[in-house]
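J.: Dropping in run-v8.cif, with mmCIF, C-alpha atoms.
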data_target
#
loop_
_atom_site.label_atom_id
_atom_site.label_comp_id
_atom_site.auth_asym_id
_atom_site.auth_seq_id
_atom_site.Cartn_x
_atom_site.Cartn_y
_atom_site.Cartn_z
CA MET A 1 -6.24 -4.30 -29.47
CA VAL A 2 -9.73 -3.31 -30.56
CA ALA A 3 -11.68 -6.19 -31.90
CA SER A 4 -14.39 -4.67 -33.88
CA SER A 5 -15.29 -1.54 -35.76
CA SER A 6 -18.51 -1.38 -33.75
CA GLN A 7 -18.38 1.07 -30.89
CA PRO A 8 -20.19 1.09 -27.57
CA SER A 9 -22.29 4.03 -26.57
CA GLY A 10 -19.82 6.80 -25.89
CA SER A 11 -21.92 8.51 -23.24
CA SER A 12 -22.37 5.67 -20.75
CA LEU A 13 -18.90 4.21 -21.14
CA SER A 14 -17.10 7.54 -21.00
CA THR A 15 -19.05 8.44 -17.87
CA VAL A 16 -17.98 5.26 -16.10
CA ILE A 17 -14.38 5.59 -17.31
CA GLY A 18 -14.31 9.11 -15.88
CA ASP A 19 -15.57 7.83 -12.52
CA GLN A 20 -13.02 5.03 -12.54
CA LYS A 21 -10.15 7.43 -13.15
CA ARG A 22 -11.44 9.76 -10.44
CA TRP A 23 -11.54 7.04 -7.78
CA SER A 24 -8.28 5.52 -8.95
CA GLY A 25 -6.62 8.92 -8.49
CA THR A 26 -8.25 9.26 -5.09
CA ALA A 27 -6.98 5.84 -4.00
CA THR A 28 -3.47 6.67 -5.22
CA SER A 29 -3.48 9.99 -3.37
CA LEU A 30 -4.60 8.36 -0.12
CA LYS A 31 -2.10 5.53 -0.56
CA ASN A 32 0.79 7.95 -1.03
CA SER A 33 -0.31 10.00 1.97
CA ILE A 34 -0.65 6.96 4.24
CA GLU A 35 2.64 5.39 3.17
CA ARG A 36 4.42 8.72 3.62
CA ALA A 37 2.94 9.00 7.12
CA ARG A 38 4.08 5.47 7.94
CA ARG A 39 7.64 6.32 6.90
CA ILE A 40 7.54 9.47 9.04
CA VAL A 41 6.34 7.46 12.03
CA LEU A 42 9.09 4.88 11.47
CA TRP A 43 12.02 7.27 11.15
CA LEU A 44 10.91 9.81 13.75
CA GLY A 45 10.27 6.98 16.20
CA VAL A 46 13.79 5.68 15.62
CA LEU A 47 15.27 9.17 15.84
CA GLY A 48 13.33 9.96 19.02
CA ALA A 49 14.60 6.81 20.75
CA ILE A 50 18.21 7.53 19.77
CA LEU A 51 18.09 11.18 20.85
CA ALA A 52 16.40 10.40 24.15
CA THR A 53 19.07 7.81 24.98
CA MET A 54 21.89 10.15 24.01
CA ALA A 55 20.35 12.89 26.15
CA ALA A 56 20.10 10.58 29.16
CA GLN A 57 23.70 9.48 28.82
CA LEU A 58 25.05 13.01 28.37
CA ALA A 59 23.07 14.14 31.40
CA HIS A 60 24.72 11.36 33.38
CA VAL A 61 28.14 12.47 32.14
CA SER A 62 27.46 16.07 33.17
CA GLU A 63 26.65 14.94 36.70
CA ILE A 64 29.91 13.10 37.27
CA GLU A 65 32.30 15.44 35.55
CA GLN A 66 34.16 17.83 37.81
CA ILE A 67 35.22 20.49 35.31
CA LYS A 68 32.66 23.26 35.32
CA ALA A 69 32.94 24.22 31.64
CA SER A 70 32.71 20.66 30.53
CA ARG A 71 29.74 20.10 32.79
CA ALA A 72 27.92 23.08 31.30
CA ILE A 73 28.54 21.95 27.75
CA HIS A 74 27.30 18.43 28.36
CA SER A 75 24.29 19.61 30.34
CA GLY A 76 23.17 22.00 27.59
CA LEU A 77 23.67 19.42 24.87
CA ALA A 78 21.80 16.80 26.88
CA MET A 79 18.88 19.19 27.31
CA ALA A 80 18.83 20.02 23.58
CA LEU A 81 18.89 16.36 22.56
CA GLY A 82 16.18 15.59 25.09
CA TYR A 83 13.92 18.28 23.67
CA LEU A 84 14.56 17.08 20.11
CA GLY A 85 13.81 13.48 21.06
CA ALA A 86 10.59 14.50 22.81
CA ALA A 87 9.58 16.63 19.82
CA ALA A 88 10.17 13.72 17.41
CA LEU A 89 8.00 11.39 19.49
CA ALA A 90 5.31 14.08 19.82
CA VAL A 91 5.17 14.45 16.03
CA VAL A 92 4.81 10.66 15.73
CA ALA A 93 1.71 10.81 17.94
CA VAL A 94 0.19 13.62 15.87
CA VAL A 95 0.89 11.88 12.55
CA ARG A 96 -0.66 8.65 13.81
CA GLN A 97 -3.80 10.45 14.92
CA TRP A 98 -4.32 12.65 11.85
CA LYS A 99 -2.83 10.68 8.97
CA LEU A 100 -3.10 7.03 9.98
CA GLY A 101 -6.58 6.93 11.45
CA HIS A 102 -8.99 4.14 10.57
CA GLU A 103 -11.18 6.42 8.45
CA ARG A 104 -8.34 7.35 6.08
CA THR A 105 -7.20 3.75 5.77
CA GLN A 106 -10.77 2.67 5.06
CA ALA A 107 -11.21 5.49 2.55
CA TRP A 108 -8.08 4.26 0.72
CA ALA A 109 -9.30 0.66 0.72
CA LEU A 110 -12.81 1.48 -0.49
CA SER A 111 -11.58 4.00 -3.08
CA ARG A 112 -9.42 1.31 -4.57
CA ALA A 113 -12.30 -1.18 -4.34
CA GLY A 114 -14.61 1.25 -6.14
CA SER A 115 -12.05 1.94 -8.84
CA GLU A 116 -11.44 -1.77 -9.43
CA SER A 117 -15.17 -2.54 -9.44
CA LEU A 118 -15.78 0.09 -12.10
CA LYS A 119 -12.83 -1.19 -14.13
CA ARG A 120 -14.26 -4.72 -13.92
CA GLU A 121 -17.58 -3.53 -15.33
CA ILE A 122 -15.83 -1.53 -18.06
CA TYR A 123 -13.99 -4.59 -19.35
CA ARG A 124 -17.04 -6.82 -19.11
CA TYR A 125 -18.95 -4.19 -21.08
CA ARG A 126 -16.23 -3.80 -23.71
CA THR A 127 -16.10 -7.57 -24.27
CA GLN A 128 -19.91 -7.90 -24.17
CA SER A 129 -19.61 -10.47 -21.39
CA GLY A 130 -22.01 -11.45 -18.64
CA PRO A 131 -24.96 -9.05 -18.40
CA TYR A 132 -23.52 -6.88 -21.19
CA SER A 133 -24.35 -9.26 -24.01
CA SER A 134 -27.90 -7.91 -24.26
CA ALA A 135 -29.33 -4.81 -25.89
CA ASN A 136 -29.59 -3.18 -22.44
CA ALA A 137 -25.82 -3.13 -21.90
CA ASP A 138 -25.62 0.64 -21.45
CA LEU A 139 -28.41 0.70 -18.88
CA GLU A 140 -26.80 -2.21 -17.00
CA LEU A 141 -23.47 -0.39 -16.95
CA LEU A 142 -25.03 2.73 -15.49
CA ASN A 143 -26.92 0.66 -12.91
CA GLN A 144 -23.68 -0.98 -11.80
CA ARG A 145 -22.06 2.46 -11.64
CA ASP A 146 -24.79 3.71 -9.34
CA GLU A 147 -24.31 0.76 -6.98
CA VAL A 148 -20.56 1.34 -6.75
CA LEU A 149 -20.83 5.09 -6.23
CA LYS A 150 -23.47 4.61 -3.53
CA LYS A 151 -20.91 2.75 -1.40
CA LEU A 152 -18.36 5.52 -1.92
CA GLU A 153 -20.56 8.41 -0.82
CA PRO A 154 -19.01 8.71 2.69
CA TYR A 155 -15.58 9.34 1.12
CA GLN A 156 -16.46 12.06 -1.35
CA LYS A 157 -14.38 14.55 0.67
CA TYR A 158 -11.21 12.75 -0.41
CA ILE A 159 -12.00 12.96 -4.14
CA VAL A 160 -9.12 13.79 -6.48
CA ASN A 161 -10.33 14.84 -9.91
CA PRO A 162 -8.19 13.69 -12.85
CA GLN A 163 -6.67 16.01 -15.39
CA PRO A 164 -8.98 16.67 -18.39
CA SER A 165 -8.38 14.13 -21.13
CA THR A 166 -8.99 14.32 -24.85
CA THR A 167 -8.61 10.55 -25.32
CA ASN A 168 -11.41 8.98 -27.34
CA THR A 169 -13.73 6.51 -25.66
CA PRO A 170 -12.27 3.01 -26.23
CA GLY A 171 -14.16 0.51 -28.34
CA LEU A 172 -15.03 -3.15 -27.97
CA LEU A 173 -12.36 -5.78 -27.37
CA ASP A 174 -11.82 -9.21 -28.88
CA ALA A 175 -9.93 -12.02 -27.10
CA ALA A 176 -6.49 -10.81 -28.20
CA GLY A 177 -7.25 -7.28 -27.11
CA TYR A 178 -8.56 -8.39 -23.72
CA LEU A 179 -5.59 -10.67 -23.11
CA ASN A 180 -3.14 -7.89 -23.92
CA GLU A 181 -4.83 -4.90 -22.34
CA ARG A 182 -6.37 -6.46 -19.25
CA VAL A 183 -4.84 -9.84 -18.41
CA GLY A 184 -1.29 -9.27 -19.62
CA ALA A 185 -1.06 -5.87 -17.95
CA ASN A 186 -2.29 -7.27 -14.63
CA VAL A 187 0.02 -10.28 -14.72
CA LYS A 188 2.98 -7.96 -15.27
CA PHE A 189 1.79 -5.63 -12.49
CA TYR A 190 1.43 -8.46 -9.97
CA TYR A 191 4.83 -10.00 -10.71
CA ASP A 192 6.59 -6.61 -10.73
CA ARG A 193 4.98 -5.46 -7.49
CA ALA A 194 5.63 -8.83 -5.78
CA ASN A 195 9.30 -8.62 -6.74
CA GLN A 196 9.48 -5.05 -5.43
CA TYR A 197 7.86 -6.03 -2.12
CA ILE A 198 10.10 -9.06 -1.56
CA ARG A 199 13.21 -6.94 -2.15
CA THR A 200 12.01 -4.41 0.41
CA LEU A 201 11.09 -7.16 2.86
CA ASN A 202 14.52 -8.77 2.49
CA LEU A 203 16.19 -5.42 3.23
CA LEU A 204 14.09 -4.95 6.35
CA ASN A 205 14.77 -8.52 7.48
CA SER A 206 18.51 -8.02 6.97
CA ALA A 207 18.37 -4.82 9.01
CA GLU A 208 16.48 -6.58 11.80
CA PHE A 209 18.99 -9.46 11.81
CA THR A 210 21.95 -7.06 11.96
CA LEU A 211 20.36 -5.14 14.81
CA ALA A 212 19.64 -8.38 16.67
CA ILE A 213 23.33 -9.36 16.44
CA LEU A 214 24.38 -5.90 17.61
CA GLY A 215 21.92 -6.04 20.50
CA ALA A 216 23.24 -9.45 21.54
CA LEU A 217 26.83 -8.17 21.50
CA LEU A 218 25.93 -5.12 23.57
CA GLY A 219 24.00 -7.31 25.99
CA ALA A 220 27.09 -9.49 26.40
CA ALA A 221 29.18 -6.36 26.97
CA VAL A 222 26.81 -5.29 29.76
CA THR A 223 27.19 -8.69 31.41
CA LEU A 224 30.99 -8.73 31.12
CA THR A 225 31.74 -5.14 32.04
CA GLY A 226 28.78 -4.15 34.16
CA THR A 227 28.60 -0.89 32.21
CA GLN A 228 24.96 0.17 32.08
CA THR A 229 25.66 2.54 29.22
CA TYR A 230 25.53 -0.43 26.89
CA GLY A 231 22.23 -1.52 28.38
CA ALA A 232 20.53 1.70 27.32
CA TRP A 233 21.55 1.09 23.71
CA VAL A 234 20.25 -2.47 23.86
CA ALA A 235 16.85 -0.95 24.62
CA VAL A 236 17.20 1.45 21.69
CA ILE A 237 18.09 -1.38 19.31
CA THR A 238 15.09 -3.37 20.54
CA THR A 239 12.88 -0.35 19.87
CA ILE A 240 14.27 0.13 16.35
CA THR A 241 13.88 -3.58 15.54
CA GLY A 242 10.27 -3.48 16.70
CA ALA A 243 9.61 -0.35 14.63
CA LEU A 244 10.98 -2.01 11.48
CA ALA A 245 8.89 -5.13 12.08
CA ALA A 246 5.77 -3.04 12.69
CA HIS A 247 6.39 -1.08 9.48
CA ALA A 248 6.77 -4.27 7.43
CA LEU A 249 3.56 -5.63 8.97
CA ALA A 250 1.62 -2.43 8.27
CA GLN A 251 2.79 -2.42 4.65
CA ARG A 252 1.90 -6.13 4.34
CA TYR A 253 4.97 -6.85 2.21
CA GLU A 254 4.99 -10.60 2.89
CA GLN A 255 1.23 -11.10 2.54
CA LEU A 256 0.97 -9.08 -0.67
CA THR A 257 4.01 -10.78 -2.23
CA ILE A 258 2.30 -14.14 -1.78
CA THR A 259 -1.11 -12.88 -2.92
CA TYR A 260 0.17 -11.04 -5.98
CA ARG A 261 2.25 -13.96 -7.24
CA ALA A 262 -0.62 -16.37 -6.64
CA THR A 263 -3.04 -14.09 -8.51
CA ALA A 264 -0.69 -13.75 -11.50
CA GLN A 265 -0.34 -17.54 -11.65
CA ARG A 266 -4.10 -18.02 -11.42
CA LEU A 267 -4.61 -15.60 -14.32
CA GLU A 268 -2.03 -17.46 -16.39
CA GLY A 269 -3.81 -20.72 -15.55
CA ALA A 270 -7.20 -19.34 -16.56
CA VAL A 271 -5.81 -18.21 -19.91
CA ALA A 272 -4.14 -21.58 -20.50
CA ARG A 273 -7.35 -23.47 -19.74
CA TRP A 274 -9.35 -21.20 -22.04
CA GLN A 275 -6.83 -21.65 -24.85
CA ALA A 276 -6.91 -25.43 -24.40
CA ALA A 277 -10.71 -25.59 -24.55
CA ALA A 278 -12.34 -26.80 -27.74
CA SER A 279 -14.83 -23.93 -27.70
CA LYS A 280 -13.20 -20.58 -27.04
CA ASN A 281 -16.01 -18.36 -25.83
CA LEU A 282 -14.72 -14.88 -24.97
CA SER A 283 -17.26 -14.44 -22.20
CA ASP A 284 -15.92 -17.55 -20.43
CA LEU A 285 -12.40 -16.10 -20.48
CA VAL A 286 -13.50 -12.68 -19.27
CA GLU A 287 -15.71 -13.94 -16.45
CA SER A 288 -12.99 -16.33 -15.23
CA CYS A 289 -10.28 -13.66 -15.20
CA GLU A 290 -12.51 -10.97 -13.73
CA ASN A 291 -13.55 -13.28 -10.90
CA ILE A 292 -9.89 -13.90 -10.08
CA LEU A 293 -9.21 -10.17 -10.02
CA LEU A 294 -12.31 -9.61 -7.91
CA GLU A 295 -11.16 -12.15 -5.32
CA GLU A 296 -7.74 -10.50 -5.11
CA ASN A 297 -9.35 -7.09 -4.66
CA GLN A 298 -11.63 -8.36 -1.90
CA GLY A 299 -8.70 -10.00 -0.12
CA TRP A 300 -6.67 -6.79 -0.37
CA ILE A 301 -9.54 -4.77 1.11
CA ALA A 302 -10.00 -7.22 3.99
CA GLY A 303 -6.29 -6.97 4.83
CA ALA A 304 -6.24 -3.19 4.60
CA ASP A 305 -9.31 -2.90 6.82
CA ARG A 306 -7.53 -4.82 9.60
CA GLN A 307 -4.73 -2.21 9.77
#
Before anything else, please render the file you have as structure tokens.
T.:
Amino acid sequence: MVASSSQPSGSSLSTVIGDQKRWSGTATSLKNSIERARRIVLWLGVLGAILATMAAQLAHVSEIEQIKASRAIHSGLAMALGYLGAAALAVVAVVRQWKLGHERTQAWALSRAGSESLKREIYRYRTQSGPYSSANADLELLNQRDEVLKKLEPYQKYIVNPQPSTTNTPGLLDAAGYLNERVGANVKFYYDRANQYIRTLNLLNSAEFTLAILGALLGAAVTLTGTQTYGAWVAVITTITGALAAHALAQRYEQLTITYRATAQRLEGAVARWQAAASKNLSDLVESCENILLEENQGWIAGADRQ
């Protein structure tokens, strides 16, 4: 909701909005690429372990069988599965090197940080909060833009330019507009994303638990029967379980679920305190909420940088 008929300077604000969209698109593109690469690593790693085990067992069968035709069939199939398993694991190594390197992860983290920093300044400007309550608001906005873009210079090669937009430059916001457009939208985002992450984490945990039970049963079968065939599959199950756990850790499902829910609750608390105050100064609300969002963004970046 736009508060006032007065409009900010279209040139400075539209420039910063354009930069924010550009780096937001860049962060999204890198995020999608990295998450896709992580899924490839997960599933090809699992597939490679399964195929390699099947190849080893078929090769063993071909050695002990006495019928020549049968031996030839099993030997050829074992070789084919072995090659496929090796190829899958080779692709995993390539994907890790080229798509999951530290530079790309850091580029994603800092692109998102730059986008969120610019968005923070846009909303402070549109509510005339903090340094934007003076007559030099436009100059301050452009100065803040320069500081943000300076930090992003090493990652210009990843830039994704947004589609041309004919949307008018937004105007100033009052308290109701800020609460709806900025705070309400972020609270919904954090709760929705936290719920999505916890569902995914629960699925992965259920899969790990099921595999652990299966591994225990196969281990017992090895002990009771002395059949080493089962032992090979215990190793495969252990590998798959580890791959699922590593994927969940890389995606930070548990950490981000906690952080996102806590951030949403902190925003709700800041709004409640502002509404309960005798003097409802818009700048107080904006600075409180923006500081909460800033802390979340900094925590997200620190976690991503450790990957």
J.: To test your reading of the syntax: which residues would the PyMOL selection byres ((chain A and resi 11-28) around 8) return for the file shown? Reply as a ChimeraX atom specification.
T.: /A:8-10,29-32,107-109,111-112,114-116,118-119,122,138,141-142,145,158-162,169
J.: Please provide the set of residues having any atom within 9 Å of stretch 182-195 of chain A, restricted to all atoms listed in the file, with same-chain residues fewer than 2 positions apart removed, written as a list in words.
T.: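 With the cut-off at 9 Å, the set is Tyr123, Gly177, Tyr178, Leu179, Asn180, Tyr197, Ile198, Arg199, Thr200, Tyr253, Glu254, Leu256, Thr257, Ile258, Thr259, Tyr260, Arg261, Ala262, Thr263, Ala264, Gln265, Leu267, Glu268, Val271, Cys289 and Leu293 of chain A.
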J.: Write out as JSON an axis-aligned box for stretch 243-252 of chain A: all of its atoms listed in the file, 3 Å added on each side, centre and edge lengths in Å with one decimal.
T.:
{"center_x": 6.3, "center_y": -3.2, "center_z": 9.5, "size_x": 15.4, "size_y": 11.8, "size_z": 16.3}
J.: Which residues are close to A:Glu208, i.e. within 12 Å by all atoms listed in the file, leaving aside same-chain residues fewer than 3 positions away? Reply as a PyMOL selection string.
T.: chain A and resi 201-205+211-215+237-248
J.: Could you spell out the hits of the PyMOL selection byres ((chain A and resi 306) around 10) on the shown file, as a compact mmCIF listing (two decimals) with C-alpha atoms, in the coordinates of the input?
T.:
# COMPACT_ATOMS: atom_id res chain seq x y z
CA HIS A 102 -8.99 4.14 10.57
CA THR A 105 -7.20 3.75 5.77
CA GLN A 106 -10.77 2.67 5.06
CA ALA A 250 1.62 -2.43 8.27
CA ILE A 301 -9.54 -4.77 1.11
CA ALA A 302 -10.00 -7.22 3.99
CA GLY A 303 -6.29 -6.97 4.83
CA ALA A 304 -6.24 -3.19 4.60
CA ASP A 305 -9.31 -2.90 6.82
CA GLN A 307 -4.73 -2.21 9.77
J.: Tell me, in Å to one decimal, how far atom CA of A:Leu282 is from atom CA of A:Glu181.
T.: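 Going from atom CA of A:Leu282 over to atom CA of A:Glu181 covers 14.3 Å.
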J.: Tell me, as a PyMOL selection string, which residues lie within 8 Å of stretch 222-235 of chain A, counting only C-alpha atoms; anything in the same chain fewer than 5 positions away does not count.
T.: chain A and resi 53+57+215-216
J.: With distances taken over all atoms listed in the file, which residue among A:Val92, A:Gln144, A:Arg273, A:Ala78 lies nearest A:Ile40?
T.: A:Val92
J.: With all atoms listed in the file as the atoms that count, which of A:Tyr155, A:Tyr132, A:Trp43, A:Trp274 lies nearest to A:Gly85?
T.: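 Under the stated criterion, the closest residue is A:Trp43.
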J.: Please determine, counting all atoms listed in the file, which residue among A:Arg120, A:Lys151, A:Arg36, A:Arg252 has the shortest atom-to-atom distance to A:Glu287.
T.: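 Of A:Arg120, A:Lys151, A:Arg36, A:Arg252, the one nearest A:Glu287 is A:Arg120, counting all atoms listed in the file.
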J.: Figure out the distance between atom CA of A:Gln163 and atom CA of A:Thr127, please, to one decimal in Å.
T.: 26.9 Å
